[in-house]
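Below: run-v5.cif (mmCIF, N, CA and C atoms)
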```cif
data_query
loop_
_atom_site.label_atom_id
_atom_site.label_comp_id
_atom_site.auth_asym_id
_atom_site.auth_seq_id
_atom_site.Cartn_x
_atom_site.Cartn_y
_atom_site.Cartn_z
N MET A 286 86.30 100.53 116.32
CA MET A 286 86.69 101.91 116.20
C MET A 286 86.78 102.26 114.72
N SER A 287 86.31 103.38 114.36
CA SER A 287 86.39 103.79 112.96
C SER A 287 87.81 104.21 112.64
N ASN A 288 88.15 104.06 111.38
CA ASN A 288 89.47 104.44 110.93
C ASN A 288 89.46 105.94 110.67
N GLU A 289 90.30 106.66 111.41
CA GLU A 289 90.31 108.12 111.32
C GLU A 289 91.38 108.64 110.36
N SER A 290 91.98 107.77 109.59
CA SER A 290 93.04 108.17 108.67
C SER A 290 92.48 109.05 107.56
N ILE A 291 93.33 109.94 107.05
CA ILE A 291 92.93 110.73 105.89
C ILE A 291 92.97 109.88 104.63
N ASN A 292 93.59 108.70 104.71
CA ASN A 292 93.65 107.76 103.59
C ASN A 292 93.36 106.36 104.13
N PRO A 293 92.10 106.05 104.44
CA PRO A 293 91.79 104.77 105.07
C PRO A 293 92.14 103.55 104.21
N ASP A 294 92.24 103.71 102.89
CA ASP A 294 92.58 102.58 102.03
C ASP A 294 94.00 102.06 102.27
N LEU A 295 94.86 102.88 102.84
CA LEU A 295 96.23 102.48 103.21
C LEU A 295 96.51 103.11 104.56
N SER A 296 96.27 102.34 105.62
CA SER A 296 96.34 102.95 106.95
C SER A 296 96.55 101.93 108.05
N PHE A 297 96.94 102.46 109.21
CA PHE A 297 97.00 101.71 110.45
C PHE A 297 95.93 102.28 111.37
N SER A 298 95.27 101.41 112.11
CA SER A 298 94.30 101.86 113.12
C SER A 298 94.27 100.85 114.25
N SER A 299 93.68 101.26 115.36
CA SER A 299 93.56 100.39 116.53
C SER A 299 92.21 99.69 116.51
N ARG A 300 92.22 98.47 117.01
CA ARG A 300 90.95 97.79 117.21
C ARG A 300 90.21 98.50 118.34
N ALA A 301 88.92 98.36 118.43
CA ALA A 301 88.12 99.08 119.42
C ALA A 301 88.59 98.85 120.85
N ASP A 302 89.07 97.64 121.16
CA ASP A 302 89.51 97.33 122.53
C ASP A 302 90.98 97.68 122.77
N TRP A 303 91.67 98.19 121.78
CA TRP A 303 93.08 98.59 121.84
C TRP A 303 94.02 97.42 122.13
N LEU A 304 93.57 96.20 121.96
CA LEU A 304 94.42 95.04 122.21
C LEU A 304 95.09 94.54 120.93
N ALA A 305 94.74 95.13 119.80
CA ALA A 305 95.34 94.78 118.52
C ALA A 305 95.16 95.96 117.58
N GLY A 306 95.89 95.92 116.51
CA GLY A 306 95.77 96.97 115.51
C GLY A 306 95.39 96.39 114.17
N TRP A 307 95.11 97.25 113.23
CA TRP A 307 94.75 96.85 111.87
C TRP A 307 95.67 97.54 110.88
N LEU A 308 96.11 96.81 109.90
CA LEU A 308 96.79 97.37 108.74
C LEU A 308 95.83 97.19 107.58
N ARG A 309 95.45 98.27 106.95
CA ARG A 309 94.54 98.20 105.81
C ARG A 309 95.33 98.61 104.57
N ALA A 310 95.32 97.74 103.55
CA ALA A 310 96.02 98.00 102.29
C ALA A 310 95.14 97.50 101.15
N ASP A 311 94.09 98.25 100.87
CA ASP A 311 93.12 97.85 99.85
C ASP A 311 93.75 97.68 98.47
N ARG A 312 94.81 98.41 98.20
CA ARG A 312 95.45 98.34 96.87
C ARG A 312 95.95 96.92 96.58
N ILE A 313 96.37 96.20 97.61
CA ILE A 313 96.84 94.83 97.40
C ILE A 313 95.71 93.95 96.89
N ARG A 314 94.53 94.09 97.48
CA ARG A 314 93.38 93.29 97.01
C ARG A 314 93.02 93.66 95.58
N LEU A 315 93.00 94.95 95.28
CA LEU A 315 92.69 95.40 93.93
C LEU A 315 93.70 94.84 92.93
N ASP A 316 94.99 95.00 93.23
CA ASP A 316 96.03 94.50 92.33
C ASP A 316 95.94 92.99 92.17
N THR A 317 95.64 92.27 93.25
CA THR A 317 95.52 90.82 93.19
C THR A 317 94.41 90.40 92.24
N LEU A 318 93.25 91.01 92.38
CA LEU A 318 92.12 90.65 91.52
C LEU A 318 92.39 91.03 90.06
N VAL A 319 92.97 92.20 89.83
CA VAL A 319 93.27 92.62 88.46
C VAL A 319 94.29 91.68 87.82
N GLN A 320 95.32 91.30 88.57
CA GLN A 320 96.33 90.39 88.03
C GLN A 320 95.75 89.01 87.78
N LEU A 321 94.88 88.55 88.66
CA LEU A 321 94.24 87.25 88.47
C LEU A 321 93.38 87.26 87.20
N VAL A 322 92.60 88.31 87.02
CA VAL A 322 91.74 88.40 85.84
C VAL A 322 92.57 88.57 84.57
N ALA A 323 93.67 89.31 84.66
CA ALA A 323 94.54 89.47 83.49
C ALA A 323 95.12 88.11 83.08
N GLY A 324 95.55 87.31 84.06
CA GLY A 324 96.03 85.97 83.74
C GLY A 324 94.93 85.09 83.20
N TRP A 325 93.76 85.21 83.77
CA TRP A 325 92.58 84.44 83.38
C TRP A 325 92.19 84.73 81.93
N SER A 326 92.41 85.96 81.50
CA SER A 326 92.01 86.33 80.13
C SER A 326 92.92 85.73 79.07
N ASP A 327 94.06 85.19 79.48
CA ASP A 327 94.95 84.51 78.54
C ASP A 327 94.44 83.08 78.36
N PRO A 328 93.95 82.75 77.16
CA PRO A 328 93.37 81.42 76.95
C PRO A 328 94.34 80.28 77.25
N ASP A 329 95.64 80.51 77.04
CA ASP A 329 96.62 79.45 77.32
C ASP A 329 96.79 79.20 78.82
N ALA A 330 96.52 80.21 79.65
CA ALA A 330 96.70 80.07 81.09
C ALA A 330 95.41 79.74 81.83
N ARG A 331 94.28 79.99 81.19
CA ARG A 331 92.99 79.89 81.88
C ARG A 331 92.76 78.52 82.52
N ASP A 332 92.97 77.44 81.79
CA ASP A 332 92.71 76.10 82.35
C ASP A 332 93.59 75.81 83.56
N ASP A 333 94.86 76.24 83.49
CA ASP A 333 95.77 76.03 84.62
C ASP A 333 95.31 76.85 85.83
N ILE A 334 94.90 78.08 85.60
CA ILE A 334 94.42 78.92 86.70
C ILE A 334 93.18 78.31 87.33
N ILE A 335 92.24 77.84 86.50
CA ILE A 335 91.03 77.20 87.03
C ILE A 335 91.38 75.98 87.86
N ALA A 336 92.32 75.18 87.38
CA ALA A 336 92.73 73.98 88.13
C ALA A 336 93.34 74.36 89.47
N ARG A 337 94.17 75.39 89.48
CA ARG A 337 94.81 75.83 90.73
C ARG A 337 93.77 76.43 91.70
N LEU A 338 92.79 77.16 91.15
CA LEU A 338 91.72 77.70 92.00
C LEU A 338 90.87 76.57 92.58
N ASP A 339 90.63 75.53 91.81
CA ASP A 339 89.90 74.37 92.33
C ASP A 339 90.68 73.71 93.47
N GLU A 340 92.00 73.60 93.30
CA GLU A 340 92.84 73.03 94.37
C GLU A 340 92.80 73.90 95.62
N LEU A 341 92.84 75.21 95.42
CA LEU A 341 92.75 76.14 96.55
C LEU A 341 91.40 75.98 97.26
N ALA A 342 90.33 75.85 96.48
CA ALA A 342 89.00 75.67 97.07
C ALA A 342 88.94 74.40 97.92
N GLU A 343 89.58 73.34 97.46
CA GLU A 343 89.61 72.09 98.24
C GLU A 343 90.35 72.27 99.55
N VAL A 344 91.47 72.98 99.50
CA VAL A 344 92.25 73.21 100.72
C VAL A 344 91.44 74.05 101.70
N VAL A 345 90.80 75.10 101.20
CA VAL A 345 90.00 75.97 102.07
C VAL A 345 88.83 75.21 102.68
N ALA A 346 88.21 74.33 101.92
CA ALA A 346 87.05 73.57 102.40
C ALA A 346 87.44 72.42 103.34
N SER A 347 88.69 72.00 103.29
CA SER A 347 89.14 70.87 104.10
C SER A 347 89.30 71.29 105.56
N PRO A 348 88.65 70.55 106.48
CA PRO A 348 88.79 70.92 107.90
C PRO A 348 90.18 70.63 108.45
N ARG A 349 90.92 69.74 107.79
CA ARG A 349 92.25 69.37 108.29
C ARG A 349 93.29 69.44 107.18
N SER A 350 93.52 70.62 106.71
CA SER A 350 94.53 70.79 105.67
C SER A 350 95.91 70.56 106.26
N ALA A 351 96.78 69.99 105.47
CA ALA A 351 98.16 69.79 105.91
C ALA A 351 98.81 71.14 106.12
N GLU A 352 99.72 71.19 107.08
CA GLU A 352 100.42 72.44 107.36
C GLU A 352 101.12 72.94 106.10
N GLY A 353 100.91 74.18 105.78
CA GLY A 353 101.52 74.76 104.60
C GLY A 353 100.72 74.56 103.33
N ALA A 354 99.64 73.79 103.39
CA ALA A 354 98.86 73.50 102.18
C ALA A 354 98.19 74.76 101.64
N LEU A 355 97.69 75.60 102.52
CA LEU A 355 97.03 76.82 102.07
C LEU A 355 98.04 77.74 101.37
N ASP A 356 99.19 77.94 101.99
CA ASP A 356 100.21 78.78 101.37
C ASP A 356 100.63 78.23 100.01
N ALA A 357 100.80 76.91 99.94
CA ALA A 357 101.21 76.29 98.67
C ALA A 357 100.13 76.45 97.61
N ALA A 358 98.87 76.30 98.00
CA ALA A 358 97.78 76.43 97.04
C ALA A 358 97.65 77.87 96.54
N VAL A 359 97.81 78.83 97.43
CA VAL A 359 97.76 80.24 97.03
C VAL A 359 98.92 80.55 96.09
N GLU A 360 100.10 80.06 96.44
CA GLU A 360 101.28 80.28 95.59
C GLU A 360 101.09 79.67 94.20
N ALA A 361 100.43 78.52 94.14
CA ALA A 361 100.19 77.87 92.84
C ALA A 361 99.26 78.73 91.98
N VAL A 362 98.24 79.33 92.60
CA VAL A 362 97.36 80.24 91.85
C VAL A 362 98.15 81.44 91.36
N GLU A 363 98.95 82.03 92.24
CA GLU A 363 99.76 83.19 91.86
C GLU A 363 100.70 82.86 90.71
N ASP A 364 101.33 81.70 90.78
CA ASP A 364 102.25 81.30 89.71
C ASP A 364 101.50 81.08 88.40
N ALA A 365 100.37 80.39 88.46
CA ALA A 365 99.60 80.11 87.24
C ALA A 365 99.12 81.40 86.58
N ALA A 366 98.76 82.39 87.39
CA ALA A 366 98.24 83.66 86.85
C ALA A 366 99.35 84.67 86.59
N GLY A 367 100.60 84.32 86.91
CA GLY A 367 101.70 85.25 86.69
C GLY A 367 101.58 86.51 87.52
N MET A 368 101.19 86.36 88.78
CA MET A 368 100.93 87.51 89.63
C MET A 368 102.22 88.02 90.27
N ASP A 369 102.27 89.34 90.45
CA ASP A 369 103.42 89.99 91.09
C ASP A 369 103.33 89.88 92.60
N THR A 370 104.40 90.27 93.26
CA THR A 370 104.44 90.33 94.71
C THR A 370 103.41 91.32 95.22
N ALA A 371 102.76 90.98 96.32
CA ALA A 371 101.75 91.86 96.92
C ALA A 371 102.45 92.96 97.71
N GLN A 372 102.61 94.09 97.06
CA GLN A 372 103.25 95.22 97.73
C GLN A 372 102.63 96.52 97.24
N VAL A 373 102.73 97.53 98.07
CA VAL A 373 102.15 98.84 97.77
C VAL A 373 103.28 99.87 97.85
N PRO A 374 103.49 100.62 96.78
CA PRO A 374 104.51 101.67 96.86
C PRO A 374 104.00 102.84 97.70
N ILE A 375 104.88 103.41 98.49
CA ILE A 375 104.51 104.59 99.27
C ILE A 375 105.55 105.68 99.06
N ASP A 376 105.07 106.90 99.03
CA ASP A 376 105.98 108.03 98.91
C ASP A 376 106.25 108.60 100.30
N LYS A 377 107.03 109.66 100.34
CA LYS A 377 107.43 110.26 101.62
C LYS A 377 106.21 110.69 102.44
N THR A 378 105.24 111.31 101.78
CA THR A 378 104.05 111.79 102.48
C THR A 378 103.30 110.63 103.13
N HIS A 379 103.10 109.54 102.37
CA HIS A 379 102.42 108.37 102.94
C HIS A 379 103.26 107.73 104.04
N ALA A 380 104.56 107.69 103.87
CA ALA A 380 105.43 107.09 104.88
C ALA A 380 105.33 107.83 106.20
N ILE A 381 105.34 109.15 106.15
CA ILE A 381 105.24 109.95 107.37
C ILE A 381 103.89 109.74 108.03
N ARG A 382 102.81 109.74 107.23
CA ARG A 382 101.47 109.53 107.78
C ARG A 382 101.35 108.14 108.39
N LEU A 383 101.83 107.12 107.67
CA LEU A 383 101.75 105.75 108.19
C LEU A 383 102.57 105.59 109.46
N HIS A 384 103.72 106.23 109.52
CA HIS A 384 104.55 106.19 110.72
C HIS A 384 103.79 106.75 111.91
N SER A 385 103.12 107.87 111.71
CA SER A 385 102.34 108.49 112.78
C SER A 385 101.19 107.58 113.22
N GLU A 386 100.47 107.01 112.25
CA GLU A 386 99.36 106.13 112.57
C GLU A 386 99.84 104.87 113.31
N LEU A 387 100.94 104.29 112.84
CA LEU A 387 101.47 103.10 113.50
C LEU A 387 101.97 103.43 114.90
N SER A 388 102.59 104.58 115.08
CA SER A 388 103.04 104.99 116.41
C SER A 388 101.87 105.08 117.38
N THR A 389 100.74 105.61 116.92
CA THR A 389 99.55 105.70 117.76
C THR A 389 99.07 104.30 118.14
N VAL A 390 99.05 103.38 117.19
CA VAL A 390 98.63 102.01 117.47
C VAL A 390 99.58 101.37 118.49
N VAL A 391 100.88 101.54 118.30
CA VAL A 391 101.86 100.96 119.22
C VAL A 391 101.67 101.52 120.63
N GLU A 392 101.47 102.82 120.75
CA GLU A 392 101.24 103.42 122.07
C GLU A 392 100.03 102.80 122.75
N ARG A 393 98.95 102.61 122.00
CA ARG A 393 97.74 102.02 122.58
C ARG A 393 97.98 100.57 122.98
N LEU A 394 98.67 99.82 122.14
CA LEU A 394 98.95 98.42 122.46
C LEU A 394 99.82 98.31 123.71
N MET A 395 100.74 99.22 123.87
CA MET A 395 101.67 99.15 125.00
C MET A 395 100.98 99.49 126.32
N ARG A 396 99.87 100.18 126.29
CA ARG A 396 99.16 100.51 127.53
C ARG A 396 98.68 99.27 128.25
N PHE A 397 98.32 98.23 127.48
CA PHE A 397 97.74 97.04 128.09
C PHE A 397 98.60 95.80 127.94
N GLY A 398 99.70 95.91 127.23
CA GLY A 398 100.54 94.75 127.00
C GLY A 398 101.29 94.31 128.24
N SER A 399 101.48 93.01 128.37
CA SER A 399 102.18 92.49 129.54
C SER A 399 103.67 92.82 129.51
N ASN A 400 104.19 93.10 128.34
CA ASN A 400 105.62 93.39 128.23
C ASN A 400 105.87 94.87 127.94
N ARG A 401 105.00 95.73 128.41
CA ARG A 401 105.11 97.15 128.07
C ARG A 401 106.39 97.79 128.57
N ARG A 402 107.00 97.25 129.64
CA ARG A 402 108.24 97.82 130.15
C ARG A 402 109.45 97.44 129.31
N SER A 403 109.40 96.28 128.67
CA SER A 403 110.59 95.74 128.03
C SER A 403 110.72 96.06 126.55
N VAL A 404 109.71 96.68 125.96
CA VAL A 404 109.75 96.93 124.53
C VAL A 404 110.40 98.27 124.25
N THR A 405 111.35 98.26 123.35
CA THR A 405 111.97 99.51 122.91
C THR A 405 111.78 99.62 121.42
N MET A 406 111.57 100.81 120.96
CA MET A 406 111.40 101.05 119.53
C MET A 406 112.77 101.02 118.88
N PRO A 407 112.88 100.42 117.68
CA PRO A 407 114.17 100.39 117.00
C PRO A 407 114.62 101.80 116.62
N ARG A 408 115.92 102.02 116.73
CA ARG A 408 116.46 103.31 116.34
C ARG A 408 116.55 103.39 114.84
N GLN A 409 116.33 104.56 114.32
CA GLN A 409 116.40 104.77 112.87
C GLN A 409 117.82 105.16 112.51
N ARG A 410 118.35 104.51 111.47
CA ARG A 410 119.70 104.84 111.00
C ARG A 410 119.67 106.18 110.28
N GLN A 411 120.81 106.78 110.17
CA GLN A 411 120.92 108.08 109.52
C GLN A 411 120.48 108.04 108.06
N ASP A 412 120.68 106.90 107.38
CA ASP A 412 120.34 106.81 105.96
C ASP A 412 118.84 106.58 105.75
N GLY A 413 118.07 106.51 106.85
CA GLY A 413 116.62 106.38 106.75
C GLY A 413 116.13 104.96 106.87
N ALA A 414 117.03 103.97 106.84
CA ALA A 414 116.61 102.57 107.00
C ALA A 414 116.41 102.26 108.47
N ALA A 415 115.56 101.30 108.75
CA ALA A 415 115.30 100.92 110.14
C ALA A 415 116.40 100.05 110.67
#
```
Would you mind writing the file's structure down as structure tokens?
Amino acid sequence: MSNESINPDLSFSSRADWLAGWLRADRIRLDTLVQLVAGWSDPDARDDIIARLDELAEVVASPRSAEGALDAAVEAVEDAAGMDTAQVPIDKTHAIRLHSELSTVVERLMRFGSNRRSVTMPRQRQDGAA
């Protein structure tokens, strides 16, 4: 199914069969690559980053990586490159749009879910927190 969001780079959509949804946050990928390259451009950090990327490549190529090895290898790259947390700031307008898109995905998922009767949406507190 095509993403019908007015901002597909940061959006929720349903998979074509409505059995799963998609969260798209392209800004995280962009920020990740920019931060990696920024760390890479520091000559003092470059060798460490290359070593950590080589370790990550080994874990990815290994058919039987130890549990948690991928997470640890990714974290080592992030640490070596001095990367920030992968998060995207949203304003009120984006929050309202994303809420609407996610609600649509949830409604579609609940049509076919085995537990559709037992799921309740969390109530929103007065201060706006979930």
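Counting only N, CA and C atoms, A:Arg337 has the following residues at most 6.5 Å away, ignoring those fewer than 3 positions along the same chain: A:Asp332, A:Asp333, A:Ile334, A:Glu340, A:Leu341, A:Ala342, A:Ala358, A:Ala361, A:Val362.
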Which of chain A DSSP labels alpha helix (DSSP H), written as a ChimeraX atom specification: /A:311-325,328-346,354-366,377-397
Name the residues that the PyMOL selection byres ((chain A and resi 304) around 8) picks from the file above, as a list in words, using the file's chain letters and numbers.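 That selection, the PyMOL selection byres ((chain A and resi 304) around 8), comes back as Ser299, Arg300, Ala301, Asp302, Trp303, Ala305, Gly306, Arg393, Leu394, Met395, Phe397 and Gly398 of chain A.
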Point-to-point distance in Å for atom N of A:Thr317 and atom CA of A:Ala380: 21.2 Å
Grab the atom CA of A:Ser298 to atom CA of A:Val390 distance for me, in Å with one decimal place.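 According to the coordinates, atom CA of A:Ser298 and atom CA of A:Val390 are separated by 6.1 Å.
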What residues come out when you apply the PyMOL selection byres (((chain A and resi 308-310 and name CA) around 10) and name CA) to this file, written as number ranges by chain? A: 288, 292-299, 306-307, 311-315, 371-373, 383, 386-387
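Interatomic distance, atom N of A:Val359 to atom N of A:Asp376: 29.0 Å.
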Applying the PyMOL selection byres (((chain A and resi 366 and name CA) around 12) and name CA) to the file I just gave you, which residues come out? Please list them as a PDB file with N, CA and C atoms, keeping the file's coordinate frame.
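Ended up saving to expr.pdb:
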```pdb
ATOM      1  N   THR A 317      95.640  92.270  93.250  1.00  0.00           N
ATOM      2  CA  THR A 317      95.520  90.820  93.190  1.00  0.00           C
ATOM      3  C   THR A 317      94.410  90.400  92.240  1.00  0.00           C
ATOM      4  N   LEU A 318      93.250  91.010  92.380  1.00  0.00           N
ATOM      5  CA  LEU A 318      92.120  90.650  91.520  1.00  0.00           C
ATOM      6  C   LEU A 318      92.390  91.030  90.060  1.00  0.00           C
ATOM      7  N   VAL A 319      92.970  92.200  89.830  1.00  0.00           N
ATOM      8  CA  VAL A 319      93.270  92.620  88.460  1.00  0.00           C
ATOM      9  C   VAL A 319      94.290  91.680  87.820  1.00  0.00           C
ATOM     10  N   GLN A 320      95.320  91.300  88.570  1.00  0.00           N
ATOM     11  CA  GLN A 320      96.330  90.390  88.030  1.00  0.00           C
ATOM     12  C   GLN A 320      95.750  89.010  87.780  1.00  0.00           C
ATOM     13  N   LEU A 321      94.880  88.550  88.660  1.00  0.00           N
ATOM     14  CA  LEU A 321      94.240  87.250  88.470  1.00  0.00           C
ATOM     15  C   LEU A 321      93.380  87.260  87.200  1.00  0.00           C
ATOM     16  N   VAL A 322      92.600  88.310  87.020  1.00  0.00           N
ATOM     17  CA  VAL A 322      91.740  88.400  85.840  1.00  0.00           C
ATOM     18  C   VAL A 322      92.570  88.570  84.570  1.00  0.00           C
ATOM     19  N   ALA A 323      93.670  89.310  84.660  1.00  0.00           N
ATOM     20  CA  ALA A 323      94.540  89.470  83.490  1.00  0.00           C
ATOM     21  C   ALA A 323      95.120  88.110  83.080  1.00  0.00           C
ATOM     22  N   GLY A 324      95.550  87.310  84.060  1.00  0.00           N
ATOM     23  CA  GLY A 324      96.030  85.970  83.740  1.00  0.00           C
ATOM     24  C   GLY A 324      94.930  85.090  83.200  1.00  0.00           C
ATOM     25  N   TRP A 325      93.760  85.210  83.770  1.00  0.00           N
ATOM     26  CA  TRP A 325      92.580  84.440  83.380  1.00  0.00           C
ATOM     27  C   TRP A 325      92.190  84.730  81.930  1.00  0.00           C
ATOM     28  N   SER A 326      92.410  85.960  81.500  1.00  0.00           N
ATOM     29  CA  SER A 326      92.010  86.330  80.130  1.00  0.00           C
ATOM     30  C   SER A 326      92.920  85.730  79.070  1.00  0.00           C
ATOM     31  N   ASP A 327      94.060  85.190  79.480  1.00  0.00           N
ATOM     32  CA  ASP A 327      94.950  84.510  78.540  1.00  0.00           C
ATOM     33  C   ASP A 327      94.440  83.080  78.360  1.00  0.00           C
ATOM     34  N   PRO A 328      93.950  82.750  77.160  1.00  0.00           N
ATOM     35  CA  PRO A 328      93.370  81.420  76.950  1.00  0.00           C
ATOM     36  C   PRO A 328      94.340  80.280  77.250  1.00  0.00           C
ATOM     37  N   ASP A 329      95.640  80.510  77.040  1.00  0.00           N
ATOM     38  CA  ASP A 329      96.620  79.450  77.320  1.00  0.00           C
ATOM     39  C   ASP A 329      96.790  79.200  78.820  1.00  0.00           C
ATOM     40  N   ALA A 330      96.520  80.210  79.650  1.00  0.00           N
ATOM     41  CA  ALA A 330      96.700  80.070  81.090  1.00  0.00           C
ATOM     42  C   ALA A 330      95.410  79.740  81.830  1.00  0.00           C
ATOM     43  N   ARG A 331      94.280  79.990  81.190  1.00  0.00           N
ATOM     44  CA  ARG A 331      92.990  79.890  81.880  1.00  0.00           C
ATOM     45  C   ARG A 331      92.760  78.520  82.520  1.00  0.00           C
ATOM     46  N   ASP A 332      92.970  77.440  81.790  1.00  0.00           N
ATOM     47  CA  ASP A 332      92.710  76.100  82.350  1.00  0.00           C
ATOM     48  C   ASP A 332      93.590  75.810  83.560  1.00  0.00           C
ATOM     49  N   ASP A 333      94.860  76.240  83.490  1.00  0.00           N
ATOM     50  CA  ASP A 333      95.770  76.030  84.620  1.00  0.00           C
ATOM     51  C   ASP A 333      95.310  76.850  85.830  1.00  0.00           C
ATOM     52  N   ILE A 334      94.900  78.080  85.600  1.00  0.00           N
ATOM     53  CA  ILE A 334      94.420  78.920  86.700  1.00  0.00           C
ATOM     54  C   ILE A 334      93.180  78.310  87.330  1.00  0.00           C
ATOM     55  N   ILE A 335      92.240  77.840  86.500  1.00  0.00           N
ATOM     56  CA  ILE A 335      91.030  77.200  87.030  1.00  0.00           C
ATOM     57  C   ILE A 335      91.380  75.980  87.860  1.00  0.00           C
ATOM     58  N   ALA A 336      92.320  75.180  87.380  1.00  0.00           N
ATOM     59  CA  ALA A 336      92.730  73.980  88.130  1.00  0.00           C
ATOM     60  C   ALA A 336      93.340  74.360  89.470  1.00  0.00           C
ATOM     61  N   ARG A 337      94.170  75.390  89.480  1.00  0.00           N
ATOM     62  CA  ARG A 337      94.810  75.830  90.730  1.00  0.00           C
ATOM     63  C   ARG A 337      93.770  76.430  91.700  1.00  0.00           C
ATOM     64  N   LEU A 338      92.790  77.160  91.150  1.00  0.00           N
ATOM     65  CA  LEU A 338      91.720  77.700  92.000  1.00  0.00           C
ATOM     66  C   LEU A 338      90.870  76.570  92.580  1.00  0.00           C
ATOM     67  N   VAL A 359      97.810  78.830  97.430  1.00  0.00           N
ATOM     68  CA  VAL A 359      97.760  80.240  97.030  1.00  0.00           C
ATOM     69  C   VAL A 359      98.920  80.550  96.090  1.00  0.00           C
ATOM     70  N   GLU A 360     100.100  80.060  96.440  1.00  0.00           N
ATOM     71  CA  GLU A 360     101.280  80.280  95.590  1.00  0.00           C
ATOM     72  C   GLU A 360     101.090  79.670  94.200  1.00  0.00           C
ATOM     73  N   ALA A 361     100.430  78.520  94.140  1.00  0.00           N
ATOM     74  CA  ALA A 361     100.190  77.870  92.840  1.00  0.00           C
ATOM     75  C   ALA A 361      99.260  78.730  91.980  1.00  0.00           C
ATOM     76  N   VAL A 362      98.240  79.330  92.600  1.00  0.00           N
ATOM     77  CA  VAL A 362      97.360  80.240  91.850  1.00  0.00           C
ATOM     78  C   VAL A 362      98.150  81.440  91.360  1.00  0.00           C
ATOM     79  N   GLU A 363      98.950  82.030  92.240  1.00  0.00           N
ATOM     80  CA  GLU A 363      99.760  83.190  91.860  1.00  0.00           C
ATOM     81  C   GLU A 363     100.700  82.860  90.710  1.00  0.00           C
ATOM     82  N   ASP A 364     101.330  81.700  90.780  1.00  0.00           N
ATOM     83  CA  ASP A 364     102.250  81.300  89.710  1.00  0.00           C
ATOM     84  C   ASP A 364     101.500  81.080  88.400  1.00  0.00           C
ATOM     85  N   ALA A 365     100.370  80.390  88.460  1.00  0.00           N
ATOM     86  CA  ALA A 365      99.600  80.110  87.240  1.00  0.00           C
ATOM     87  C   ALA A 365      99.120  81.400  86.580  1.00  0.00           C
ATOM     88  N   GLY A 367     100.600  84.320  86.910  1.00  0.00           N
ATOM     89  CA  GLY A 367     101.700  85.250  86.690  1.00  0.00           C
ATOM     90  C   GLY A 367     101.580  86.510  87.520  1.00  0.00           C
ATOM     91  N   MET A 368     101.190  86.360  88.780  1.00  0.00           N
ATOM     92  CA  MET A 368     100.930  87.510  89.630  1.00  0.00           C
ATOM     93  C   MET A 368     102.220  88.020  90.270  1.00  0.00           C
ATOM     94  N   ASP A 369     102.270  89.340  90.450  1.00  0.00           N
ATOM     95  CA  ASP A 369     103.420  89.990  91.090  1.00  0.00           C
ATOM     96  C   ASP A 369     103.330  89.880  92.600  1.00  0.00           C
TER      97      ASP A 369
END
```
Run DSSP on the backbone and grab whatever in stretch 290-413 of chain A lands in strand (DSSP E); send it over as a PyMOL selection string. chain A and resi 295-299+306-310
Go ahead and fit an axis-aligned box to every listed atom of stretch 354-371 of chain A plus 6 Å each side, and pass me the centre and edge lengths in Å, one decimal, as lines of an AutoDock Vina configuration file.
```
center_x = 100.7
center_y = 83.2
center_z = 95.0
size_x = 19.4
size_y = 31.5
size_z = 28.8
```
